[in-house]
Amino acid sequence: MDLLASVREQILFEDNHLIIVNKRPSELVQGDKTGDASLIENIKFYIKECYQKPGNVYLGLAHRIDRPVSGAVIFAKTSKALARLNEQIKNKQIQKTYWAITKNTPPKEEDHLIHWLVKDEAKNRSKAFNSEQNGTKKAELKYKLISKSKDYALLEIILITGRHHQIRVQLSKIGCPIKGDLKYGFPRSNKDASISLHARKLNFTHPVSKEALEIVAPTPSDPLWDFFSSSQQKF
């Protein structure tokens, strides 16, 4: 498949102001020191080719998800849209819903988790505490168990705060490391170096048209995601 077709396959929503895509597992959102191809550059190429744009293409990144994570990412095609999206994010007006496949079933079927996190810059990981410590930041999320198999559980998570590796470290703290997440306690990696965490749904107001948007990103294609997704069509 060529690059243009590959990007088209990832698009969940597009108009004159926004383009929302389904990031693949282990795909970079922005370029880094690895020099690997990034999603933002691929989308710029798509816009330039499809709309025959001369010169440089403007594309603003409204938010990021970690490289091992898959799912919905919002890009802005105009500076006006980006500024308004940034304001919505600042005011917590964009609801982000994730799915995670975890090693264990959590102690409660649903819960509101509150921890205090501190980031270790050198190791690029966060540590969770049950009470406030010096230098920590409060982290909150809500989860519910929506399915389980013999060895795994599928959780739906709504983020309340947006801390570094928040879902990964909070779920690990309650004994439910995410499948493939070696950094936070899962015993082995996924084959593609991804983790089984997926940005499943975005609910927000279009920054220009003011239309209420709900964007749902299909899960990656692998046997375990396929098993859970096929039993959760209502989501």
# chains A, B, ... in the order shown; residues from 1 in each chain; ligands from 1
$ select_by_dssp --residues "region 132-179 of chain A" --states "strand (DSSP E or B)" --output "list in words"
Lys137, Lys138, Ala139, Glu140, Leu141, Lys142, Tyr143, Lys144, Leu145, Ile146, Ser147, Lys148, Ala153, Leu154, Leu155, Glu156, Ile157, Ile158, Leu159 and Ile178 of chain A
$ residues_around --residues "region 73-86 of chain A" --least-positions-apart "4" --cutoff "9 Å" --atoms "only C-alpha atoms" --output "PyMOL selection string"
chain A and resi 15-23+29+40+57-65+90-91+94+199+202+205-208
$ atom_distance --atom1 "CA of Asn130 (chain A)" --atom2 "CA of Ser194 (chain A)"
27.8 Å
$ residues_around --residues "region 219-230 of chain A" --least-positions-apart "3" --cutoff "8 Å" --atoms "only C-alpha atoms" --output "ChimeraX atom specification"
/A:24-25,70-71,147-148,154,198,200,233
$ write_last_selection --atoms "N, CA and C atoms" --output "mmCIF file, in the first residue's frame"
data_model
loop_
_atom_site.group_PDB
_atom_site.id
_atom_site.type_symbol
_atom_site.label_atom_id
_atom_site.label_comp_id
_atom_site.auth_asym_id
_atom_site.auth_seq_id
_atom_site.Cartn_x
_atom_site.Cartn_y
_atom_site.Cartn_z
ATOM 1 N N ARG A 24 -1.720 4.195 14.351
ATOM 2 C CA ARG A 24 -1.417 2.769 14.467
ATOM 3 C C ARG A 24 -0.492 2.511 15.661
ATOM 4 N N PRO A 25 -0.535 1.300 16.218
ATOM 5 C CA PRO A 25 0.382 0.975 17.316
ATOM 6 C C PRO A 25 1.835 1.186 16.896
ATOM 7 N N SER A 70 -2.232 3.254 20.489
ATOM 8 C CA SER A 70 -2.957 3.484 19.234
ATOM 9 C C SER A 70 -4.183 4.353 19.493
ATOM 10 N N GLY A 71 -4.816 4.813 18.392
ATOM 11 C CA GLY A 71 -6.103 5.475 18.543
ATOM 12 C C GLY A 71 -6.180 6.888 17.995
ATOM 13 N N SER A 147 -15.347 -6.192 29.634
ATOM 14 C CA SER A 147 -15.287 -7.566 29.141
ATOM 15 C C SER A 147 -14.077 -8.247 29.762
ATOM 16 N N LYS A 148 -14.062 -9.562 29.730
ATOM 17 C CA LYS A 148 -12.868 -10.284 30.169
ATOM 18 C C LYS A 148 -12.805 -11.646 29.496
ATOM 19 N N LEU A 154 -10.757 -6.278 29.674
ATOM 20 C CA LEU A 154 -10.878 -5.079 28.855
ATOM 21 C C LEU A 154 -11.521 -3.996 29.712
ATOM 22 N N HIS A 198 -5.600 1.903 23.807
ATOM 23 C CA HIS A 198 -6.157 2.467 22.577
ATOM 24 C C HIS A 198 -7.029 3.671 22.892
ATOM 25 N N ARG A 200 -9.865 5.308 22.256
ATOM 26 C CA ARG A 200 -11.056 4.761 21.590
ATOM 27 C C ARG A 200 -12.030 5.833 21.101
ATOM 28 N N GLN A 233 -19.808 -4.289 20.396
ATOM 29 C CA GLN A 233 -20.245 -3.445 19.285
ATOM 30 C C GLN A 233 -21.000 -2.196 19.738
#
$ residues_around --residues "Gln170 (chain A)" --least-positions-apart "2" --cutoff "8 Å" --atoms "only C-alpha atoms" --output "list in words"
Leu113, His115, Ala128, Gln166, Ile167, Arg168, Ser172, Lys173 and Ile174 of chain A
$ write_last_selection --atoms "N, CA and C atoms" --output "mmCIF file, in the first residue's frame"
data_model
loop_
_atom_site.group_PDB
_atom_site.id
_atom_site.type_symbol
_atom_site.label_atom_id
_atom_site.label_comp_id
_atom_site.auth_asym_id
_atom_site.auth_seq_id
_atom_site.Cartn_x
_atom_site.Cartn_y
_atom_site.Cartn_z
ATOM 1 N N LEU A 113 -10.150 6.342 40.268
ATOM 2 C CA LEU A 113 -8.807 6.242 40.834
ATOM 3 C C LEU A 113 -8.190 7.627 41.003
ATOM 4 N N HIS A 115 -4.466 9.119 42.324
ATOM 5 C CA HIS A 115 -3.102 8.917 42.778
ATOM 6 C C HIS A 115 -2.334 10.224 42.627
ATOM 7 N N ALA A 128 3.562 6.211 40.939
ATOM 8 C CA ALA A 128 2.296 6.595 41.571
ATOM 9 C C ALA A 128 2.360 6.377 43.082
ATOM 10 N N GLN A 166 -0.166 8.423 32.526
ATOM 11 C CA GLN A 166 -1.123 8.304 33.630
ATOM 12 C C GLN A 166 -1.880 6.980 33.670
ATOM 13 N N ILE A 167 -2.506 6.600 32.562
ATOM 14 C CA ILE A 167 -3.300 5.364 32.558
ATOM 15 C C ILE A 167 -2.409 4.173 32.856
ATOM 16 N N ARG A 168 -1.241 4.161 32.251
ATOM 17 C CA ARG A 168 -0.319 3.045 32.406
ATOM 18 C C ARG A 168 0.098 2.852 33.862
ATOM 19 N N SER A 172 -1.290 -0.015 36.621
ATOM 20 C CA SER A 172 -0.253 -0.856 37.211
ATOM 21 C C SER A 172 -0.300 -0.799 38.735
ATOM 22 N N LYS A 173 -0.579 0.388 39.259
ATOM 23 C CA LYS A 173 -0.622 0.580 40.717
ATOM 24 C C LYS A 173 -1.707 -0.280 41.376
ATOM 25 N N ILE A 174 -2.802 -0.553 40.647
ATOM 26 C CA ILE A 174 -3.867 -1.400 41.226
ATOM 27 C C ILE A 174 -3.729 -2.862 40.798
#
$ atom_distance --atom1 "CA of Asn56 (chain A)" --atom2 "CA of Leu39 (chain A)"
16.1 Å
$ select_by_dssp --residues "region 29-180 of chain A" --states "alpha helix (DSSP H)" --output "ChimeraX atom specification"
/A:39-51,79-90,166-173
$ closest_residue --among "A:Leu4, A:Glu14, A:Trp99, A:Tyr184" --to "Tyr46 (chain A)" --atoms "only C-alpha atoms"
A:Leu4
$ residues_around --residues "Ile114 (chain A)" --least-positions-apart "4" --cutoff "7 Å" --atoms "only C-alpha atoms" --output "MDAnalysis selection string"
chainID A and resid 139:141
$ atom_distance --atom1 "CA of Ile195 (chain A)" --atom2 "CA of Glu132 (chain A)"
28.2 Å
$ residues_around --residues "Val169 (chain A)" --least-positions-apart "5" --cutoff "10 Å" --atoms "only C-alpha atoms" --output "number ranges by chain"
A: 115, 117, 125-128, 163-164, 174-178, 181, 183-185
$ write_last_selection --atoms "C-alpha atoms" --output "short mmCIF file (atom, residue, chain, number, x, y, z; two decimals), in the first residue's frame"
data_model
loop_
_atom_site.label_atom_id
_atom_site.label_comp_id
_atom_site.auth_asym_id
_atom_site.auth_seq_id
_atom_site.Cartn_x
_atom_site.Cartn_y
_atom_site.Cartn_z
CA HIS A 115 -3.10 8.92 42.78
CA LEU A 117 2.38 10.98 40.27
CA ARG A 125 8.52 6.88 33.52
CA SER A 126 6.18 7.94 36.29
CA LYS A 127 5.66 6.61 39.79
CA ALA A 128 2.30 6.60 41.57
CA ARG A 163 -0.47 13.29 33.36
CA HIS A 164 2.62 11.58 31.95
CA ILE A 174 -3.87 -1.40 41.23
CA GLY A 175 -2.27 -4.62 39.94
CA CYS A 176 -3.51 -4.40 36.33
CA PRO A 177 -0.54 -3.68 34.04
CA ILE A 178 -1.45 -3.15 30.39
CA ASP A 181 3.82 -2.64 28.88
CA LYS A 183 7.87 -0.39 31.73
CA TYR A 184 4.94 -0.79 34.13
CA GLY A 185 5.01 -4.44 35.03
#
$ residues_around --residues "Tyr143 (chain A)" --least-positions-apart "6" --cutoff "12 Å" --atoms "only C-alpha atoms" --output "list in words"
Thr97, Tyr98, Trp99, Ala100, Thr105, Pro106, Pro107, Lys108, Glu109, Glu110, Asp111, His112, Leu113, Ile114, Ala153, Leu154, Leu155, Glu156, Ile157, Ile158, Leu159, Ile160, Ile167, Gln170, Leu171, Ile174 and Cys176 of chain A
$ write_last_selection --atoms "N, CA and C atoms" --output "PDB file, in the first residue's frame"
ATOM      1  N   THR A  97     -11.819   8.928  25.889  1.00  0.00           N
ATOM      2  CA  THR A  97     -12.135   7.598  26.402  1.00  0.00           C
ATOM      3  C   THR A  97     -11.152   6.593  25.802  1.00  0.00           C
ATOM      4  N   TYR A  98     -10.554   5.795  26.656  1.00  0.00           N
ATOM      5  CA  TYR A  98      -9.576   4.800  26.224  1.00  0.00           C
ATOM      6  C   TYR A  98     -10.079   3.392  26.503  1.00  0.00           C
ATOM      7  N   TRP A  99      -9.556   2.442  25.756  1.00  0.00           N
ATOM      8  CA  TRP A  99      -9.696   1.021  26.076  1.00  0.00           C
ATOM      9  C   TRP A  99      -8.321   0.489  26.408  1.00  0.00           C
ATOM     10  N   ALA A 100      -8.258  -0.381  27.412  1.00  0.00           N
ATOM     11  CA  ALA A 100      -6.997  -1.029  27.779  1.00  0.00           C
ATOM     12  C   ALA A 100      -7.239  -2.507  28.033  1.00  0.00           C
ATOM     13  N   THR A 105      -7.898  -8.812  36.224  1.00  0.00           N
ATOM     14  CA  THR A 105      -9.168  -8.130  36.424  1.00  0.00           C
ATOM     15  C   THR A 105      -9.033  -7.227  37.649  1.00  0.00           C
ATOM     16  N   PRO A 106      -9.450  -5.961  37.565  1.00  0.00           N
ATOM     17  CA  PRO A 106      -9.276  -5.062  38.708  1.00  0.00           C
ATOM     18  C   PRO A 106     -10.126  -5.487  39.901  1.00  0.00           C
ATOM     19  N   PRO A 107      -9.748  -5.001  41.099  1.00  0.00           N
ATOM     20  CA  PRO A 107     -10.468  -5.408  42.311  1.00  0.00           C
ATOM     21  C   PRO A 107     -11.935  -4.987  42.325  1.00  0.00           C
ATOM     22  N   LYS A 108     -12.267  -3.880  41.625  1.00  0.00           N
ATOM     23  CA  LYS A 108     -13.660  -3.435  41.511  1.00  0.00           C
ATOM     24  C   LYS A 108     -14.040  -3.372  40.037  1.00  0.00           C
ATOM     25  N   GLU A 109     -15.314  -3.619  39.736  1.00  0.00           N
ATOM     26  CA  GLU A 109     -15.758  -3.574  38.339  1.00  0.00           C
ATOM     27  C   GLU A 109     -15.698  -2.157  37.775  1.00  0.00           C
ATOM     28  N   GLU A 110     -15.890  -1.162  38.623  1.00  0.00           N
ATOM     29  CA  GLU A 110     -15.668   0.219  38.203  1.00  0.00           C
ATOM     30  C   GLU A 110     -15.197   1.020  39.403  1.00  0.00           C
ATOM     31  N   ASP A 111     -14.407   2.063  39.111  1.00  0.00           N
ATOM     32  CA  ASP A 111     -13.839   2.831  40.209  1.00  0.00           C
ATOM     33  C   ASP A 111     -13.344   4.176  39.690  1.00  0.00           C
ATOM     34  N   HIS A 112     -13.165   5.096  40.627  1.00  0.00           N
ATOM     35  CA  HIS A 112     -12.582   6.410  40.368  1.00  0.00           C
ATOM     36  C   HIS A 112     -11.222   6.402  41.055  1.00  0.00           C
ATOM     37  N   LEU A 113     -10.150   6.342  40.268  1.00  0.00           N
ATOM     38  CA  LEU A 113      -8.807   6.242  40.834  1.00  0.00           C
ATOM     39  C   LEU A 113      -8.190   7.627  41.003  1.00  0.00           C
ATOM     40  N   ILE A 114      -7.618   7.848  42.185  1.00  0.00           N
ATOM     41  CA  ILE A 114      -6.874   9.071  42.463  1.00  0.00           C
ATOM     42  C   ILE A 114      -5.502   8.686  43.011  1.00  0.00           C
ATOM     43  N   ALA A 153      -8.417  -8.701  30.867  1.00  0.00           N
ATOM     44  CA  ALA A 153      -9.617  -7.890  31.082  1.00  0.00           C
ATOM     45  C   ALA A 153      -9.583  -6.713  30.120  1.00  0.00           C
ATOM     46  N   LEU A 154     -10.757  -6.278  29.674  1.00  0.00           N
ATOM     47  CA  LEU A 154     -10.878  -5.079  28.855  1.00  0.00           C
ATOM     48  C   LEU A 154     -11.521  -3.996  29.712  1.00  0.00           C
ATOM     49  N   LEU A 155     -10.801  -2.886  29.893  1.00  0.00           N
ATOM     50  CA  LEU A 155     -11.300  -1.769  30.683  1.00  0.00           C
ATOM     51  C   LEU A 155     -11.567  -0.576  29.787  1.00  0.00           C
ATOM     52  N   GLU A 156     -12.627   0.158  30.121  1.00  0.00           N
ATOM     53  CA  GLU A 156     -12.885   1.443  29.484  1.00  0.00           C
ATOM     54  C   GLU A 156     -12.508   2.526  30.487  1.00  0.00           C
ATOM     55  N   ILE A 157     -11.703   3.484  30.029  1.00  0.00           N
ATOM     56  CA  ILE A 157     -11.146   4.503  30.919  1.00  0.00           C
ATOM     57  C   ILE A 157     -11.515   5.891  30.426  1.00  0.00           C
ATOM     58  N   ILE A 158     -11.983   6.730  31.335  1.00  0.00           N
ATOM     59  CA  ILE A 158     -12.204   8.148  31.030  1.00  0.00           C
ATOM     60  C   ILE A 158     -11.185   8.951  31.818  1.00  0.00           C
ATOM     61  N   LEU A 159     -10.362   9.694  31.103  1.00  0.00           N
ATOM     62  CA  LEU A 159      -9.336  10.517  31.738  1.00  0.00           C
ATOM     63  C   LEU A 159      -9.947  11.790  32.306  1.00  0.00           C
ATOM     64  N   ILE A 160      -9.578  12.104  33.525  1.00  0.00           N
ATOM     65  CA  ILE A 160     -10.006  13.359  34.137  1.00  0.00           C
ATOM     66  C   ILE A 160      -8.849  14.359  34.125  1.00  0.00           C
ATOM     67  N   ILE A 167      -2.506   6.600  32.562  1.00  0.00           N
ATOM     68  CA  ILE A 167      -3.300   5.364  32.558  1.00  0.00           C
ATOM     69  C   ILE A 167      -2.409   4.173  32.856  1.00  0.00           C
ATOM     70  N   GLN A 170      -1.289   4.249  36.664  1.00  0.00           N
ATOM     71  CA  GLN A 170      -2.395   4.068  37.616  1.00  0.00           C
ATOM     72  C   GLN A 170      -2.955   2.648  37.569  1.00  0.00           C
ATOM     73  N   LEU A 171      -3.095   2.092  36.375  1.00  0.00           N
ATOM     74  CA  LEU A 171      -3.585   0.706  36.292  1.00  0.00           C
ATOM     75  C   LEU A 171      -2.562  -0.269  36.868  1.00  0.00           C
ATOM     76  N   ILE A 174      -2.802  -0.553  40.647  1.00  0.00           N
ATOM     77  CA  ILE A 174      -3.867  -1.400  41.226  1.00  0.00           C
ATOM     78  C   ILE A 174      -3.729  -2.862  40.798  1.00  0.00           C
ATOM     79  N   CYS A 176      -2.984  -4.083  37.670  1.00  0.00           N
ATOM     80  CA  CYS A 176      -3.506  -4.397  36.333  1.00  0.00           C
ATOM     81  C   CYS A 176      -2.625  -3.782  35.242  1.00  0.00           C
TER      82      CYS A 176
END
